[in-house]
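Printed here is data_35.cif (mmCIF, C-alpha atoms):
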data_target
#
loop_
_atom_site.label_atom_id
_atom_site.label_comp_id
_atom_site.auth_asym_id
_atom_site.auth_seq_id
_atom_site.Cartn_x
_atom_site.Cartn_y
_atom_site.Cartn_z
CA MET A 1 -6.14 -45.64 1.24
CA SER A 2 -8.71 -45.89 3.99
CA ASN A 3 -12.12 -47.47 3.75
CA SER A 4 -14.11 -44.56 5.12
CA ILE A 5 -17.23 -44.68 7.24
CA VAL A 6 -20.59 -44.32 5.53
CA GLN A 7 -22.28 -41.41 7.23
CA LEU A 8 -25.31 -39.66 5.76
CA SER A 9 -25.97 -35.99 6.41
CA PRO A 10 -29.25 -34.08 6.21
CA TYR A 11 -29.77 -32.21 2.93
CA SER A 12 -27.92 -28.91 2.79
CA LYS A 13 -28.62 -25.99 0.44
CA GLU A 14 -24.87 -25.40 0.64
CA TRP A 15 -24.32 -28.43 -1.62
CA VAL A 16 -25.67 -26.48 -4.60
CA ASN A 17 -23.29 -23.61 -3.82
CA LYS A 18 -20.36 -26.01 -3.51
CA PHE A 19 -21.27 -27.56 -6.88
CA GLU A 20 -21.50 -24.11 -8.53
CA TYR A 21 -18.11 -23.14 -7.10
CA GLU A 22 -16.47 -26.35 -8.33
CA LYS A 23 -18.19 -26.06 -11.72
CA ASP A 24 -16.74 -22.55 -12.16
CA GLN A 25 -13.26 -23.80 -11.22
CA ILE A 26 -13.53 -26.75 -13.62
CA LEU A 27 -14.69 -24.54 -16.48
CA LYS A 28 -11.77 -22.15 -15.86
CA VAL A 29 -9.18 -24.90 -16.27
CA VAL A 30 -10.76 -27.30 -18.82
CA GLY A 31 -13.76 -25.45 -20.25
CA THR A 32 -12.48 -25.60 -23.82
CA GLU A 33 -11.92 -29.37 -23.64
CA ILE A 34 -15.31 -30.47 -22.30
CA SER A 35 -18.93 -30.35 -23.46
CA ALA A 36 -20.83 -29.94 -20.19
CA VAL A 37 -20.72 -30.09 -16.39
CA GLY A 38 -23.57 -31.43 -14.26
CA HIS A 39 -24.41 -31.95 -10.59
CA ILE A 40 -25.39 -35.58 -9.99
CA GLY A 41 -25.81 -37.96 -7.08
CA SER A 42 -27.79 -37.51 -3.90
CA THR A 43 -26.45 -34.02 -3.16
CA SER A 44 -28.20 -32.86 -6.36
CA ILE A 45 -31.66 -33.91 -5.13
CA ILE A 46 -33.34 -31.38 -2.82
CA GLY A 47 -34.25 -32.86 0.54
CA LEU A 48 -32.32 -36.12 0.19
CA LYS A 49 -29.85 -37.20 2.88
CA ALA A 50 -26.43 -37.96 1.44
CA LYS A 51 -22.80 -38.52 2.12
CA PRO A 52 -21.64 -34.87 2.00
CA ILE A 53 -19.57 -35.45 -1.13
CA ILE A 54 -20.48 -33.41 -4.21
CA ASP A 55 -20.74 -35.64 -7.29
CA ILE A 56 -19.92 -33.80 -10.48
CA MET A 57 -20.16 -35.18 -14.00
CA VAL A 58 -18.08 -33.80 -16.85
CA GLY A 59 -18.90 -34.69 -20.42
CA ILE A 60 -16.11 -35.05 -22.94
CA ASP A 61 -16.38 -35.93 -26.63
CA ASP A 62 -13.94 -38.84 -26.41
CA LEU A 63 -13.18 -40.65 -23.14
CA ASN A 64 -9.72 -41.56 -24.48
CA ARG A 65 -8.85 -37.86 -24.27
CA THR A 66 -9.28 -37.78 -20.48
CA GLU A 67 -5.51 -37.54 -19.97
CA ILE A 68 -5.59 -33.92 -21.23
CA LEU A 69 -7.73 -33.08 -18.18
CA ILE A 70 -5.46 -34.61 -15.53
CA GLU A 71 -2.90 -31.80 -15.16
CA PRO A 72 -5.35 -28.87 -15.31
CA LEU A 73 -7.73 -30.55 -12.83
CA CYS A 74 -4.77 -31.26 -10.55
CA GLN A 75 -4.22 -27.47 -10.39
CA ILE A 76 -7.61 -27.16 -8.67
CA ASP A 77 -6.90 -30.12 -6.37
CA PHE A 78 -8.69 -32.91 -8.25
CA GLU A 79 -6.65 -36.10 -8.16
CA TYR A 80 -7.03 -38.64 -10.95
CA VAL A 81 -7.71 -42.12 -9.53
CA PRO A 82 -7.26 -44.86 -12.14
CA LYS A 83 -9.92 -47.54 -11.66
CA LEU A 84 -9.67 -50.41 -14.13
CA GLU A 85 -13.22 -51.54 -13.33
CA LEU A 86 -14.59 -48.26 -14.71
CA THR A 87 -14.81 -48.73 -18.47
CA ASP A 88 -17.35 -46.00 -19.31
CA ARG A 89 -16.02 -43.21 -17.11
CA ARG A 90 -12.93 -41.87 -15.42
CA PHE A 91 -12.74 -40.85 -11.77
CA PHE A 92 -11.17 -37.89 -9.95
CA ARG A 93 -11.48 -36.99 -6.29
CA LYS A 94 -10.88 -33.94 -4.13
CA GLY A 95 -10.16 -33.81 -0.41
CA LEU A 96 -8.41 -36.09 2.05
CA TRP A 97 -8.52 -39.85 1.44
CA GLY A 98 -11.50 -41.27 3.26
CA ASN A 99 -12.84 -37.76 3.77
CA GLY A 100 -13.26 -36.44 0.25
CA THR A 101 -15.30 -33.37 -0.60
CA CYS A 102 -15.95 -33.97 -4.32
CA HIS A 103 -16.04 -36.84 -6.77
CA LEU A 104 -15.64 -35.98 -10.44
CA HIS A 105 -16.89 -38.45 -13.04
CA VAL A 106 -15.68 -37.90 -16.61
CA CYS A 107 -17.72 -39.69 -19.24
CA GLU A 108 -18.65 -39.38 -22.89
CA TYR A 109 -21.06 -36.53 -23.36
CA GLN A 110 -24.49 -37.90 -24.36
CA GLY A 111 -23.16 -41.47 -23.92
CA THR A 112 -24.88 -44.18 -21.86
CA GLU A 113 -23.14 -43.29 -18.59
CA TRP A 114 -23.97 -39.59 -19.06
CA SER A 115 -27.59 -40.25 -19.93
CA GLU A 116 -28.23 -42.78 -17.15
CA LYS A 117 -26.82 -40.56 -14.41
CA LEU A 118 -29.08 -37.71 -15.55
CA LEU A 119 -32.10 -40.02 -15.89
CA PHE A 120 -31.65 -41.22 -12.31
CA ARG A 121 -31.24 -37.70 -10.93
CA ASP A 122 -34.13 -36.23 -12.91
CA TYR A 123 -36.51 -39.07 -12.07
CA LEU A 124 -35.89 -38.69 -8.33
CA ARG A 125 -36.26 -34.92 -8.59
CA ILE A 126 -39.79 -35.21 -9.98
CA HIS A 127 -40.91 -38.35 -8.09
CA PRO A 128 -40.75 -37.62 -4.35
CA GLN A 129 -42.03 -41.12 -3.50
CA ALA A 130 -39.08 -42.70 -5.32
CA ALA A 131 -36.70 -40.26 -3.62
CA GLU A 132 -38.17 -41.25 -0.23
CA GLU A 133 -37.78 -44.93 -1.04
CA TYR A 134 -34.16 -44.29 -2.02
CA ALA A 135 -33.62 -42.35 1.23
CA ARG A 136 -34.95 -45.29 3.28
CA LEU A 137 -32.71 -47.73 1.40
CA LYS A 138 -29.64 -45.53 1.89
CA LYS A 139 -30.36 -45.18 5.62
CA GLU A 140 -30.71 -48.95 6.02
CA LEU A 141 -27.55 -49.63 4.01
CA ALA A 142 -25.56 -46.93 5.82
CA GLU A 143 -26.36 -48.64 9.11
CA ARG A 144 -25.70 -52.13 7.76
CA PHE A 145 -22.46 -51.24 5.93
CA LYS A 146 -21.23 -48.34 8.06
CA PHE A 147 -17.60 -49.46 7.75
CA ASN A 148 -17.78 -50.80 4.21
CA ARG A 149 -18.41 -48.08 1.62
CA PRO A 150 -17.93 -50.42 -1.38
CA ALA A 151 -20.67 -52.75 -0.07
CA TYR A 152 -22.93 -49.76 0.63
CA THR A 153 -22.50 -48.58 -2.96
CA GLU A 154 -22.91 -52.07 -4.43
CA HIS A 155 -26.17 -52.72 -2.57
CA LYS A 156 -27.71 -49.47 -3.88
CA GLU A 157 -27.15 -50.58 -7.48
CA PRO A 158 -30.32 -52.71 -8.02
CA PHE A 159 -32.53 -49.79 -6.92
CA ILE A 160 -30.58 -47.38 -9.13
CA ARG A 161 -30.93 -49.71 -12.15
CA GLU A 162 -34.68 -50.03 -11.51
CA ILE A 163 -35.12 -46.24 -11.41
CA ILE A 164 -33.08 -45.79 -14.59
CA GLU A 165 -35.33 -48.29 -16.39
CA LYS A 166 -38.45 -46.46 -15.15
CA ALA A 167 -36.93 -43.16 -16.24
CA LYS A 168 -36.12 -44.47 -19.72
CA LEU A 169 -39.79 -45.42 -20.14
CA LYS A 170 -41.04 -42.11 -18.77
CA PHE A 171 -38.67 -39.80 -20.63
CA SER A 172 -38.44 -41.63 -23.97
#
Show how you would write the structure in this file as structure tokens.
Amino acid sequence: MSNSIVQLSPYSKEWVNKFEYEKDQILKVVGTEISAVGHIGSTSIIGLKAKPIIDIMVGIDDLNRTEILIEPLCQIDFEYVPKLELTDRRFFRKGLWGNGTCHLHVCEYQGTEWSEKLLFRDYLRIHPQAAEEYARLKKELAERFKFNRPAYTEHKEPFIREIIEKAKLKFS
């Protein structure tokens, strides 16, 4: 497994089309087993630079049932990647290692992980100043941790937590 380079791309309208395509494929193979599919992450926020990897969230009623999704998702080229550190979600990826095209996050529908990912996305969508601040942080971190994606991701976390807390206050 390679530790890929962090490289941000300008926003692309094509990201929405890619999400819609993947969503259709996911629904074809596991639609009866899941509750919802959502576009999350930076590619879901108009105008935001991002790693050109489409983040997709799938809600399931019981996370312990994720294994029933593995084989059908494999048929559409999503590979299950067991990550012991992820207790509230399961992770699948699509594309070459270090050069993936999609990340699929399976979590309990309406659970904390589900809600927080949507809160973050929705807050940035309606608060352009916060989205700009996030863009500046990502640019700085992408330069600082160009060859260390885990560190890039880790250093975004405090900002993400802060936005989620603001969103909980705003949307509750």
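Running the PyMOL selection byres ((chain A and resi 5) around 10) on this file leaves Ser2, Asn3, Ser4, Val6, Gln7, Leu8, Lys51, Gly98, Asn99, Ala142, Phe145, Lys146, Phe147, Asn148 and Arg149 of chain A selected.
Within 9 Å of A:Phe120, once only C-alpha atoms are used and residues closer than 4 positions along the same chain are dropped, the contacting residues are Ile40, Gly41, Ser115, Glu116, Leu124, Arg125, Ile160, Arg161, Ile163, Ile164, Glu165 and Ala167 of chain A.
Proximity to A:His103 was assessed for A:Ile53, A:Val81, A:Val30, A:Leu69 counting all atoms listed in the file; the smallest distance is recorded for A:Ile53.
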| Neighbour list for A:Lys156 as number ranges by chain, cut-off 8 Å, only C-alpha atoms, skip fewer than 3 positions in-chain | A: 137-138, 141, 152-153, 159-160
Could you give me the centre and size, in Å to one decimal, of an axis-aligned box around all listed atoms of stretch 124-128 of chain A with 4 Å added on every side, as AutoDock Vina command-line options?
--center_x -38.4 --center_y -36.8 --center_z -7.2 --size_x 13.0 --size_y 11.8 --size_z 13.6
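For the residues A:Lys49, A:Lys117, A:Lys83, A:Arg90, ranking by smallest atom-to-atom distance to A:Glu133 using all atoms listed in the file places A:Lys49 first.
Taking atom CA of A:His155 and atom CA of A:Gly38 as the two end points, the separation is 24.4 Å.
The result of the PyMOL selection byres ((chain A and resi 18-25) around 9) on the shown file is A:Glu14, A:Trp15, A:Val16, A:Asn17, A:Ile26, A:Leu27, A:Lys28, A:Val29, A:Val30, A:Val37, A:Gly38, A:His39, A:Ser44, A:Ile54, A:Asp55, A:Ile56, A:Leu73, A:Ile76, A:Cys102.
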The selected residues should be written to file as a PDB file, keeping the file's coordinate frame (atoms: C-alpha atoms).
ATOM      1  CA  GLU A  14     -24.870 -25.400   0.640  1.00  0.00           C
ATOM      2  CA  TRP A  15     -24.320 -28.430  -1.620  1.00  0.00           C
ATOM      3  CA  VAL A  16     -25.670 -26.480  -4.600  1.00  0.00           C
ATOM      4  CA  ASN A  17     -23.290 -23.610  -3.820  1.00  0.00           C
ATOM      5  CA  ILE A  26     -13.530 -26.750 -13.620  1.00  0.00           C
ATOM      6  CA  LEU A  27     -14.690 -24.540 -16.480  1.00  0.00           C
ATOM      7  CA  LYS A  28     -11.770 -22.150 -15.860  1.00  0.00           C
ATOM      8  CA  VAL A  29      -9.180 -24.900 -16.270  1.00  0.00           C
ATOM      9  CA  VAL A  30     -10.760 -27.300 -18.820  1.00  0.00           C
ATOM     10  CA  VAL A  37     -20.720 -30.090 -16.390  1.00  0.00           C
ATOM     11  CA  GLY A  38     -23.570 -31.430 -14.260  1.00  0.00           C
ATOM     12  CA  HIS A  39     -24.410 -31.950 -10.590  1.00  0.00           C
ATOM     13  CA  SER A  44     -28.200 -32.860  -6.360  1.00  0.00           C
ATOM     14  CA  ILE A  54     -20.480 -33.410  -4.210  1.00  0.00           C
ATOM     15  CA  ASP A  55     -20.740 -35.640  -7.290  1.00  0.00           C
ATOM     16  CA  ILE A  56     -19.920 -33.800 -10.480  1.00  0.00           C
ATOM     17  CA  LEU A  73      -7.730 -30.550 -12.830  1.00  0.00           C
ATOM     18  CA  ILE A  76      -7.610 -27.160  -8.670  1.00  0.00           C
ATOM     19  CA  CYS A 102     -15.950 -33.970  -4.320  1.00  0.00           C
TER      20      CYS A 102
END
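Interatomic distance, atom CA of A:Gly111 to atom CA of A:Ile45: 22.0 Å.
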